[in-house]
Amino acid sequence: MCTFENEHSVVVCDIAIQQVRTAVSAAFGDGIWYTPIAGQGTRVEARLSIDEETFQEVARSAIAAAQEKAF
């Protein structure tokens with residue numbers, strides 16, 4: 001399961017991380033940080049200078065696409 005922690009941070013499940021990494025990196029370049037969380041997935045964080053609505057939309061779209069592929 002993927003969970004938004006706040007406007008600039010989402011914990012992404014393993015099944016979606018590649019799709020999310022590709023999408024947010026393409027959209028925001030080096031303004032994104034990735035932190036593995038044992039047993040939970042990967043925290044994807046955007047710099048505060050990145051528009052939070054755009055970040056959330058890009059991440060949500062990538063998560064949805066990954067889930068559709070998985071099922």
# chains A, B, ... in the order shown; residues from 1 in each chain; ligands from 1

call {"tool": "residues_around", "arguments": {"residues": "range 17-27 of chain A", "least_positions_apart": "4", "cutoff": "6 Å", "atoms": "only C-alpha atoms", "output": "list in words"}}
result
Val12, Ala59 and Ala62 of chain A

call {"tool": "select_by_dssp", "arguments": {"residues": "chain A", "states": "alpha helix (DSSP H)", "output": "number ranges by chain"}}
result
A: 17-28, 52-70

call {"tool": "residues_around", "arguments": {"residues": "Gln56 in chain A", "least_positions_apart": "4", "cutoff": "9 Å", "atoms": "only C-alpha atoms", "output": "list in words"}}
result
Phe4, Glu7, His8, Ser9, Val10, Asp51, Glu52, Arg60 and Ser61 of chain A

call {"tool": "closest_residue", "arguments": {"among": "A:Glu5, A:Gln67, A:Ile15, A:Val58", "to": "Gly41 in chain A", "atoms": "only C-alpha atoms"}}
result
A:Ile15

call {"tool": "closest_residue", "arguments": {"among": "A:Leu48, A:Glu53, A:Ala16, A:Val11", "to": "Thr35 in chain A", "atoms": "only C-alpha atoms"}}
result
A:Val11

call {"tool": "atom_distance", "arguments": {"atom1": "CA of Ala38 in chain A", "atom2": "CA of Lys69 in chain A"}}
result
24.0 Å

call {"tool": "atom_distance", "arguments": {"atom1": "CA of Met1 in chain A", "atom2": "CA of Cys13 in chain A"}}
result
5.4 Å

call {"tool": "residues_around", "arguments": {"residues": "Ser49 in chain A", "least_positions_apart": "5", "cutoff": "12 Å", "atoms": "only C-alpha atoms", "output": "list in words"}}
result
Glu7, His8, Phe28, Asp30, Gly31, Ile32, Thr54 and Phe55 of chain A

call {"tool": "write_last_selection", "arguments": {"atoms": "N, CA, C and O atoms", "output": "short mmCIF file (atom, residue, chain, number, x, y, z; two decimals), in the first residue's frame"}}
result
data_model
loop_
_atom_site.label_atom_id
_atom_site.label_comp_id
_atom_site.auth_asym_id
_atom_site.auth_seq_id
_atom_site.Cartn_x
_atom_site.Cartn_y
_atom_site.Cartn_z
N GLU A 7 2.27 16.68 2.23
CA GLU A 7 2.17 17.21 0.86
C GLU A 7 3.39 16.90 0.00
O GLU A 7 3.29 16.89 -1.22
N HIS A 8 4.52 16.65 0.62
CA HIS A 8 5.77 16.45 -0.13
C HIS A 8 6.40 15.08 0.10
O HIS A 8 7.55 14.87 -0.27
N PHE A 28 10.60 16.07 -11.95
CA PHE A 28 11.23 16.98 -10.98
C PHE A 28 12.74 16.86 -10.88
O PHE A 28 13.36 17.56 -10.08
N ASP A 30 16.39 16.30 -9.93
CA ASP A 30 17.10 16.00 -8.68
C ASP A 30 16.42 16.61 -7.46
O ASP A 30 16.99 16.63 -6.38
N GLY A 31 15.18 17.04 -7.59
CA GLY A 31 14.43 17.60 -6.47
C GLY A 31 13.72 16.54 -5.65
O GLY A 31 12.86 16.86 -4.83
N ILE A 32 14.08 15.28 -5.85
CA ILE A 32 13.42 14.16 -5.19
C ILE A 32 14.44 13.33 -4.43
O ILE A 32 15.55 13.09 -4.91
N THR A 54 1.25 19.22 -7.83
CA THR A 54 1.84 18.57 -8.99
C THR A 54 2.57 17.30 -8.57
O THR A 54 2.43 16.25 -9.22
N PHE A 55 3.33 17.36 -7.49
CA PHE A 55 4.02 16.18 -6.97
C PHE A 55 3.02 15.06 -6.68
O PHE A 55 3.21 13.91 -7.08
#

call {"tool": "residues_around", "arguments": {"residues": "Trp33 in chain A", "least_positions_apart": "4", "cutoff": "9 Å", "atoms": "only C-alpha atoms", "output": "PyMOL selection string"}}
result
chain A and resi 43-47

call {"tool": "write_last_selection", "arguments": {"atoms": "N, CA, C and O atoms", "output": "compact mmCIF listing (two decimals), in the first residue's frame"}}
result
# COMPACT_ATOMS: atom_id res chain seq x y z
N ARG A 43 10.35 5.73 0.96
CA ARG A 43 9.83 7.09 1.13
C ARG A 43 10.35 7.92 -0.04
O ARG A 43 11.54 7.96 -0.33
N VAL A 44 9.42 8.59 -0.73
CA VAL A 44 9.75 9.48 -1.84
C VAL A 44 9.40 10.89 -1.36
O VAL A 44 8.24 11.17 -1.04
N GLU A 45 10.41 11.74 -1.30
CA GLU A 45 10.21 13.10 -0.79
C GLU A 45 10.59 14.13 -1.84
O GLU A 45 11.62 13.99 -2.51
N ALA A 46 9.78 15.16 -1.94
CA ALA A 46 10.05 16.25 -2.87
C ALA A 46 10.52 17.47 -2.08
O ALA A 46 10.08 17.71 -0.96
N ARG A 47 11.42 18.23 -2.70
CA ARG A 47 11.85 19.49 -2.08
C ARG A 47 10.64 20.38 -1.85
O ARG A 47 9.66 20.33 -2.60

call {"tool": "select_by_dssp", "arguments": {"residues": "range 7-63 of chain A", "states": "strand (DSSP E)", "output": "NGL selection string"}}
result
:A and (9-12 or 32-37 or 41-46)

call {"tool": "write_last_selection", "arguments": {"atoms": "C-alpha atoms", "output": "JSON list (two decimals), in the first residue's frame"}}
result
[["chain", "number", "residue", "atom", "x", "y", "z"],
["A", 9, "SER", "CA", 6.25, 12.85, 1.01],
["A", 10, "VAL", "CA", 4.77, 9.48, 0.10],
["A", 11, "VAL", "CA", 5.72, 5.96, 1.18],
["A", 12, "VAL", "CA", 5.56, 3.83, -1.96],
["A", 32, "ILE", "CA", 13.42, 14.16, -5.19],
["A", 33, "TRP", "CA", 14.92, 11.98, -2.44],
["A", 34, "TYR", "CA", 14.41, 8.25, -1.97],
["A", 35, "THR", "CA", 14.78, 6.52, 1.40],
["A", 36, "PRO", "CA", 14.20, 2.76, 1.75],
["A", 37, "ILE", "CA", 12.12, 1.80, 4.80],
["A", 41, "GLY", "CA", 8.68, 0.31, 0.88],
["A", 42, "THR", "CA", 10.44, 3.55, -0.06],
["A", 43, "ARG", "CA", 9.83, 7.09, 1.13],
["A", 44, "VAL", "CA", 9.75, 9.48, -1.84],
["A", 45, "GLU", "CA", 10.21, 13.10, -0.79],
["A", 46, "ALA", "CA", 10.05, 16.25, -2.87]]
